[in-house]
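Structure file my_file-v9.csv with CSV, C-alpha atoms:
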```csv
chain,number,residue,atom,x,y,z
N,48,MET,CA,31.4,53.0,-2.6
N,49,ASN,CA,34.0,54.0,-5.3
N,50,ASP,CA,31.4,56.1,-7.1
N,51,SER,CA,32.0,58.6,-9.9
N,52,VAL,CA,29.8,60.9,-11.9
N,53,GLU,CA,29.0,59.0,-15.1
N,54,GLU,CA,32.3,57.2,-14.9
N,55,ASP,CA,31.5,54.8,-17.7
N,56,LYS,CA,30.9,57.6,-20.1
N,57,ILE,CA,34.1,59.6,-19.4
N,58,SER,CA,37.3,59.0,-21.2
N,59,GLU,CA,40.7,59.1,-19.4
N,60,ASP,CA,41.3,62.7,-20.5
N,61,CYS,CA,38.0,64.0,-19.1
N,62,PRO,CA,37.5,65.4,-15.6
N,63,LEU,CA,36.4,62.8,-13.1
N,64,VAL,CA,34.7,63.0,-9.7
N,65,GLN,CA,35.2,60.0,-7.4
N,66,VAL,CA,34.3,59.1,-3.8
N,67,MET,CA,36.1,56.2,-2.2
N,68,THR,CA,36.6,54.7,1.2
N,69,LEU,CA,40.1,54.6,2.6
N,70,GLU,CA,40.3,50.9,2.0
N,71,GLU,CA,39.1,51.2,-1.5
N,72,TYR,CA,41.7,53.8,-2.3
N,73,ARG,CA,44.5,51.8,-0.9
N,74,ASN,CA,43.4,48.7,-2.7
N,75,SER,CA,42.9,50.5,-6.0
N,76,ARG,CA,45.5,51.5,-8.6
N,77,GLU,CA,44.4,55.2,-8.3
N,78,ARG,CA,47.3,57.3,-7.1
N,79,VAL,CA,47.9,61.0,-6.7
N,80,THR,CA,51.0,63.1,-7.1
N,81,GLN,CA,53.2,63.4,-4.0
N,82,GLU,CA,51.3,60.5,-2.5
N,83,LEU,CA,53.4,60.4,0.7
N,84,ILE,CA,52.1,63.9,1.7
N,85,PHE,CA,48.5,62.9,0.8
N,86,GLU,CA,48.7,59.6,2.7
N,87,ARG,CA,49.9,61.5,5.8
N,88,ASN,CA,46.9,63.7,5.3
N,89,LEU,CA,44.5,60.7,5.3
N,90,ASN,CA,45.7,59.5,8.6
N,91,HIS,CA,45.5,62.8,10.5
N,92,ILE,CA,42.1,64.5,10.1
N,93,HIS,CA,41.9,67.0,12.9
N,94,TYR,CA,40.3,70.0,11.3
N,95,CYS,CA,39.2,71.6,8.0
N,96,LYS,CA,42.2,72.7,6.0
N,97,ALA,CA,43.6,73.0,2.5
N,98,ASP,CA,47.2,72.7,1.2
N,99,TRP,CA,48.9,73.1,-2.1
N,100,LEU,CA,50.9,70.7,-4.2
N,101,ASP,CA,52.7,71.6,-7.5
N,102,GLN,CA,49.5,71.5,-9.6
N,103,ALA,CA,46.9,70.2,-7.2
N,104,ILE,CA,45.0,71.0,-4.0
N,105,PHE,CA,44.4,68.6,-1.1
N,106,GLY,CA,43.0,68.9,2.3
N,107,THR,CA,40.6,67.6,5.0
N,108,PHE,CA,37.1,68.4,6.3
N,109,LEU,CA,35.9,67.7,9.8
N,110,ILE,CA,32.2,68.5,10.0
N,111,PRO,CA,30.0,68.5,13.2
N,112,ARG,CA,26.8,66.7,12.8
N,113,LYS,CA,23.9,69.0,13.3
N,114,GLU,CA,21.7,66.3,14.9
N,115,ALA,CA,24.4,65.6,17.6
N,116,LEU,CA,26.9,68.5,17.7
N,117,LEU,CA,28.8,67.0,20.6
N,118,GLY,CA,29.0,63.6,19.0
N,119,ASP,CA,31.4,62.2,16.4
N,120,LYS,CA,32.2,64.4,13.5
N,121,SER,CA,32.3,63.5,9.8
N,122,GLY,CA,35.9,63.5,8.7
N,123,PHE,CA,37.3,62.9,5.2
N,124,SER,CA,39.9,64.1,2.8
N,125,PHE,CA,39.9,65.5,-0.7
N,126,TYR,CA,42.3,65.8,-3.6
N,127,LEU,CA,41.9,68.1,-6.7
N,128,ASP,CA,44.0,68.4,-9.8
N,129,ARG,CA,43.2,69.3,-13.4
N,130,LYS,CA,41.6,65.9,-14.2
N,131,ARG,CA,40.1,64.6,-11.0
N,132,LEU,CA,38.3,65.5,-7.8
N,133,LEU,CA,38.7,62.7,-5.3
N,134,PHE,CA,37.1,62.3,-1.9
N,135,ILE,CA,38.4,59.7,0.6
N,136,ASP,CA,35.5,59.2,3.0
N,137,ASP,CA,34.4,56.4,5.3
N,138,THR,CA,31.5,58.3,6.8
N,139,GLY,CA,29.2,58.5,3.7
N,140,PHE,CA,28.9,62.3,4.1
N,141,ALA,CA,30.8,63.2,0.9
N,142,GLN,CA,28.8,60.7,-1.2
N,143,SER,CA,25.5,62.0,0.2
N,144,LEU,CA,26.4,65.6,-0.6
N,145,MET,CA,27.6,64.7,-4.1
N,146,ASN,CA,24.3,63.0,-4.7
N,147,SER,CA,22.5,66.1,-3.7
N,148,ILE,CA,24.6,68.2,-6.0
N,149,ALA,CA,24.1,65.8,-8.9
N,150,GLU,CA,20.3,65.9,-8.4
N,151,GLU,CA,20.2,69.7,-8.6
N,152,LYS,CA,23.0,70.1,-11.2
N,153,SER,CA,22.1,71.8,-14.4
N,154,SER,CA,23.2,70.7,-17.8
N,155,GLU,CA,25.8,73.4,-18.0
N,156,LYS,CA,29.3,72.2,-17.9
N,157,THR,CA,31.0,72.7,-14.5
N,158,SER,CA,34.7,72.7,-13.8
N,159,LEU,CA,36.2,70.6,-11.0
N,160,VAL,CA,37.2,73.7,-9.0
N,161,HIS,CA,33.7,75.0,-9.2
N,162,LEU,CA,32.4,71.6,-8.2
N,163,LEU,CA,34.6,71.8,-5.1
N,164,PHE,CA,33.2,75.2,-4.4
N,165,GLN,CA,29.6,73.9,-4.8
N,166,PHE,CA,30.5,71.0,-2.4
N,167,MET,CA,31.7,73.5,0.3
N,168,GLU,CA,28.6,75.7,-0.3
N,169,TYR,CA,26.3,72.7,0.2
N,170,MET,CA,28.1,71.9,3.5
N,171,ILE,CA,26.9,75.2,5.0
N,172,ARG,CA,23.9,76.2,2.9
N,173,ASP,CA,21.3,75.4,5.6
N,174,ASP,CA,23.4,76.6,8.5
N,175,VAL,CA,21.8,80.1,8.7
N,176,LEU,CA,18.4,78.5,9.2
N,177,PHE,CA,20.0,76.0,11.7
N,178,LEU,CA,21.5,78.9,13.7
N,179,GLN,CA,18.1,80.7,13.7
N,180,LYS,CA,16.4,77.7,15.1
N,181,TYR,CA,19.2,77.4,17.7
N,182,GLU,CA,18.6,81.0,18.7
N,183,GLU,CA,14.9,80.3,19.0
N,184,LYS,CA,15.8,77.4,21.4
N,185,LEU,CA,17.8,79.7,23.5
N,186,THR,CA,15.0,82.3,23.5
N,187,THR,CA,12.5,79.6,24.7
N,188,MET,CA,15.0,78.6,27.4
N,189,GLU,CA,15.2,82.2,28.6
N,190,GLU,CA,11.4,82.6,28.7
N,191,GLU,CA,10.9,79.4,30.6
N,192,LEU,CA,13.6,80.5,33.0
N,193,LEU,CA,11.7,83.7,33.7
N,194,ASP,CA,8.3,82.1,33.9
N,195,LYS,CA,9.1,78.8,35.7
N,196,GLY,CA,12.6,79.2,37.2
N,197,LEU,CA,13.9,76.0,35.6
N,198,ASP,CA,16.3,73.7,37.5
N,199,ASN,CA,19.5,72.4,36.0
N,200,VAL,CA,19.7,75.4,33.7
N,201,ASN,CA,23.4,75.7,34.3
N,202,ARG,CA,24.0,72.3,32.8
N,203,ALA,CA,21.8,73.1,29.8
N,204,ILE,CA,23.7,76.3,29.2
N,205,LEU,CA,27.0,74.6,29.5
N,206,ARG,CA,25.9,72.1,26.9
N,207,CYS,CA,24.8,74.9,24.6
N,208,ARG,CA,28.2,76.7,25.0
N,209,LYS,CA,30.1,73.5,24.1
N,210,GLU,CA,27.9,73.0,21.0
N,211,LEU,CA,28.4,76.6,19.9
N,212,LEU,CA,32.1,76.4,20.6
N,213,ARG,CA,32.4,73.4,18.3
N,214,LEU,CA,30.4,75.3,15.6
N,215,ASN,CA,32.5,78.4,16.2
N,216,SER,CA,35.7,76.5,15.6
N,217,TYR,CA,34.3,74.8,12.5
N,218,TYR,CA,33.3,78.1,10.8
N,219,GLU,CA,36.6,79.7,11.7
N,220,GLN,CA,38.5,76.7,10.1
N,221,LEU,CA,36.4,77.1,6.9
N,222,ALA,CA,37.2,80.8,6.8
N,223,ASP,CA,40.9,80.1,7.2
N,224,MET,CA,40.6,77.3,4.6
N,225,SER,CA,39.0,79.6,2.0
N,226,GLU,CA,41.7,82.2,2.7
N,227,THR,CA,44.4,79.6,1.9
N,228,LEU,CA,42.6,78.9,-1.3
N,229,VAL,CA,42.3,82.5,-2.3
N,230,GLU,CA,46.0,83.0,-1.7
N,231,ASN,CA,46.5,80.6,-4.7
N,232,HIS,CA,50.2,79.9,-4.1
N,233,ASN,CA,50.8,77.7,-7.1
N,234,GLY,CA,48.6,79.6,-9.6
N,235,PHE,CA,46.2,76.6,-9.8
N,236,LEU,CA,43.1,78.8,-9.6
N,237,ASP,CA,42.0,81.5,-12.0
N,238,GLU,CA,40.7,84.9,-10.9
N,239,LYS,CA,37.0,83.7,-11.0
N,240,ASP,CA,37.8,80.7,-8.8
N,241,CYS,CA,39.5,82.9,-6.2
N,242,TYR,CA,36.5,85.2,-6.2
N,243,LEU,CA,34.2,82.2,-5.5
N,244,PHE,CA,36.3,81.0,-2.6
N,245,ARG,CA,36.5,84.6,-1.3
N,246,LEU,CA,32.7,84.7,-1.3
N,247,PHE,CA,32.6,81.4,0.6
N,248,GLY,CA,35.1,82.7,3.1
N,249,ASP,CA,32.9,85.8,3.7
N,250,ARG,CA,29.9,83.5,4.3
N,251,ALA,CA,31.8,81.3,6.7
N,252,SER,CA,33.0,84.5,8.6
N,253,ARG,CA,29.4,85.6,9.0
N,254,LEU,CA,28.4,82.2,10.4
N,255,TYR,CA,31.3,82.5,12.8
N,256,SER,CA,30.1,85.9,13.9
N,257,ASN,CA,26.5,84.5,14.4
N,258,THR,CA,27.8,81.7,16.6
N,259,GLN,CA,29.8,84.3,18.6
N,260,ALA,CA,26.7,86.3,19.2
N,261,LEU,CA,24.8,83.1,20.3
N,262,LYS,CA,27.7,82.3,22.7
N,263,GLU,CA,27.3,85.8,24.2
N,264,TYR,CA,23.5,85.2,24.4
N,265,THR,CA,24.1,82.0,26.5
N,266,MET,CA,26.3,84.0,28.8
N,267,GLN,CA,23.4,86.5,29.3
N,268,ILE,CA,21.0,83.6,30.1
N,269,ARG,CA,23.5,82.2,32.6
N,270,GLU,CA,23.8,85.6,34.3
N,271,MET,CA,20.1,85.9,34.4
N,272,TYR,CA,19.9,82.4,36.0
N,273,GLN,CA,22.6,83.4,38.5
N,274,SER,CA,20.7,86.6,39.4
N,275,GLN,CA,17.5,84.7,40.0
N,276,ILE,CA,19.4,82.3,42.3
N,277,ASP,CA,20.8,85.4,44.2
N,278,ILE,CA,17.3,86.9,44.5
N,279,ARG,CA,16.0,83.6,45.8
N,280,GLN,CA,18.8,83.4,48.4
N,281,ASN,CA,18.2,87.0,49.4
N,282,ARG,CA,14.5,86.3,50.0
N,283,ILE,CA,15.3,83.3,52.1
N,284,MET,CA,17.8,85.3,54.2
N,285,SER,CA,15.3,88.1,54.6
N,286,PHE,CA,12.6,85.6,55.7
N,287,LEU,CA,15.0,84.0,58.3
N,288,THR,CA,16.1,87.5,59.5
N,289,ILE,CA,12.4,88.5,60.0
N,290,VAL,CA,11.6,85.3,61.9
N,291,THR,CA,14.7,85.8,64.1
N,292,THR,CA,13.7,89.4,64.8
N,293,VAL,CA,10.1,88.5,65.5
N,294,PHE,CA,11.0,85.9,68.1
N,295,MET,CA,13.9,87.7,69.7
N,296,PRO,CA,11.8,89.6,72.2
N,297,LEU,CA,10.0,86.3,73.1
N,298,THR,CA,13.4,84.7,73.7
N,299,LEU,CA,14.3,87.6,76.0
N,300,ILE,CA,11.1,87.2,78.0
N,301,THR,CA,11.6,83.5,78.2
N,302,GLY,CA,15.1,83.9,79.4
N,303,TRP,CA,14.1,86.6,81.9
N,304,TYR,CA,11.4,84.6,83.6
N,305,GLY,CA,13.3,81.4,83.2
N,306,MET,CA,15.6,82.5,85.9
N,307,ASN,CA,12.9,81.6,88.5
N,308,PHE,CA,14.1,84.0,91.2
N,309,ASP,CA,12.0,83.8,94.4
N,310,LYS,CA,11.3,87.5,94.4
N,311,MET,CA,9.5,87.5,91.0
N,312,PRO,CA,5.9,88.3,91.9
N,313,GLU,CA,4.6,87.4,88.4
N,314,LEU,CA,5.6,83.8,88.9
N,315,HIS,CA,3.0,83.3,91.7
N,316,TRP,CA,0.4,85.7,90.4
N,317,GLU,CA,-2.9,84.2,89.3
N,318,TYR,CA,-2.9,86.1,86.0
N,319,GLY,CA,0.9,86.0,85.3
N,320,TYR,CA,0.7,83.4,82.6
N,321,PRO,CA,-2.2,85.0,80.6
N,322,LEU,CA,-0.4,88.3,80.9
N,323,ILE,CA,2.8,87.0,79.4
N,324,ALA,CA,0.9,85.2,76.7
N,325,PHE,CA,-1.0,88.3,75.8
N,326,LEU,CA,2.2,90.4,75.9
N,327,SER,CA,4.0,88.0,73.6
N,328,LEU,CA,1.1,88.0,71.1
N,329,PHE,CA,1.0,91.8,71.2
N,330,ILE,CA,4.7,92.1,70.5
N,331,ILE,CA,4.5,89.6,67.6
N,332,LEU,CA,1.5,91.5,66.0
N,333,LEU,CA,3.3,94.9,66.6
N,334,GLU,CA,6.4,93.7,64.9
N,335,ILE,CA,4.5,92.2,61.9
N,336,TRP,CA,2.6,95.5,61.5
N,337,TYR,CA,5.9,97.4,61.6
N,338,PHE,CA,7.5,95.1,59.0
N,339,ILE,CA,4.6,95.4,56.7
N,340,ARG,CA,4.6,99.2,57.0
N,341,LYS,CA,8.3,99.3,56.1
N,342,ARG,CA,7.6,96.9,53.3
N,343,TRP,CA,10.1,94.4,54.7
N,344,LEU,CA,7.4,91.8,54.7
N,345,LYS,CA,5.3,91.1,51.6
```

Step by step, read the file and then write its structure as structure tokens.
Amino acid sequence: MNDSVEEDKISEDCPLVQVMTLEEYRNSRERVTQELIFERNLNHIHYCKADWLDQAIFGTFLIPRKEALLGDKSGFSFYLDRKRLLFIDDTGFAQSLMNSIAEEKSSEKTSLVHLLFQFMEYMIRDDVLFLQKYEEKLTTMEEELLDKGLDNVNRAILRCRKELLRLNSYYEQLADMSETLVENHNGFLDEKDCYLFRLFGDRASRLYSNTQALKEYTMQIREMYQSQIDIRQNRIMSFLTIVTTVFMPLTLITGWYGMNFDKMPELHWEYGYPLIAFLSLFIILLEIWYFIRKRWLK
């Protein structure tokens, strides 16, 4: 990798943008100030953050992949001083993003700090559209749940919540990172740079709020799914109760005549069996009519 923007045309005193793999960095003669702190940063990429050196900024990015939010993240480090913006990246994400910036970059001269801001902006520039599509996916899930009563919705909702939780954490980290940059502890940034990172922080906070709203939406869908399950169970219990109630008199008649006492005249009567059959049918029809009238049976 070890790419730079027009590296062969830039002298040693000119700003330089470089993207290296970790192996290329360690094998090169390129070094940064307070290298021990930076090296520790390279080996521990757990979240998005920014820290200050005497006259430099360094930090890490850990970015969820939109095509597989629960899969591996793109993690890499960066270092910025007055003369150089350096990315240490084994994933190819930083190089791809820098290529996109280079394609759209105007001829106007851009500072390295502003280039870092552009880089961070490119990271999230399509995220509003992504979250809108995600909301549409949840809306479709809700409609199908109402129309078809989908199975395994609980598992789908759990997956959505995990994805949104990962995005939620990502945007919160970016907002905290921009806040660290705006604090400008070492005076490395000027007022305009602080303003840009404040804008970025506001945008990251809005994305965080959007993902929070989507998380609440998934909870509403889950509650709707649970209410449908409760309604289905109540219908089953109502049906079983009605069946039990309908046949309870028949059970009583069967038990009564099942005693087979000698003094039961119906047992030896010629029309005893047809009478009991007619009586049972009449009781069943009477109960069904009563249940329908009371709207217990639909």

**Report entry** Atomic separation - atom CA of Ser216 of chain N relative to atom CA of Gln102 of chain N, Å
**Finding:**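 Separation of atom CA of Gln102 of chain N and atom CA of Ser216 of chain N: 29.2 Å.
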
Query raised in the report: How many Å lie between atom CA of Tyr94 of chain N and atom CA of Leu109 of chain N, rounded to one decimal?
Result: 5.2 Å

Query raised in the report: Taking all atoms listed in the file into account, which of N:Ala222, N:Ile110, N:Leu236, N:Leu185 comes nearest Arg250 of chain N?
Result: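 Looking only at the distances to Arg250 of chain N, the closest residue turns out to be N:Ala222.
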
**Report entry** Ile335 of chain N environment, 10 Å, all atoms listed in the file, sequence neighbours closer than 4 positions dropped, as an NGL selection string
**Finding:** :N and (289-290 or 293 or 329-331 or 339-341 or 343-344)

**Report entry** Best match for closeness to Glu70 of chain N among N:Tyr255, N:Ile300, N:Thr157, N:Asp136, counting only C-alpha atoms
**Finding:** N:Asp136

Report task. Choose the residue, out of N:Ala251, N:Leu212, N:Leu287, N:Leu159, that has the smallest atom-to-atom separation from Val175 of chain N; count all atoms listed in the file. Result ->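 Using all atoms listed in the file, Val175 of chain N sits closest to N:Ala251.
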
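Around Cys207 of chain N, within 8 Å and counting only C-alpha atoms, the residues found are Ala203, Leu211 and Thr265 of chain N, once anything fewer than 4 positions away on its own chain is removed.
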
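Picture a line from atom CA of Phe166 of chain N to atom CA of Ser147 of chain N; it runs 9.5 Å.
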
Query raised in the report: Between N:Ser327, N:Gln220, N:Asn201, N:Ser252, which one has atoms that come closest to Pro296 of chain N, using all atoms listed in the file?
Result: N:Ser327

Query raised in the report: Closest to Gly118 of chain N among N:Glu210, N:Gly319, N:Asp237, N:Tyr264, using all atoms listed in the file?
Result: N:Glu210

**Report entry** For Asn215 of chain N, the nearest of the candidates N:Lys262, N:Arg279, N:Lys195, N:Lys239, counting all atoms listed in the file
**Finding:**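 Counting all atoms listed in the file, the residue closest to Asn215 of chain N is N:Lys262.
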
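All residues of protein, DNA or RNA that reach within 6 Å of Leu133 of chain N, judged by all atoms listed in the file and not counting those fewer than 4 positions away in the chain, are Val64, Gln65, Val66, Phe125 and Tyr126 of chain N.
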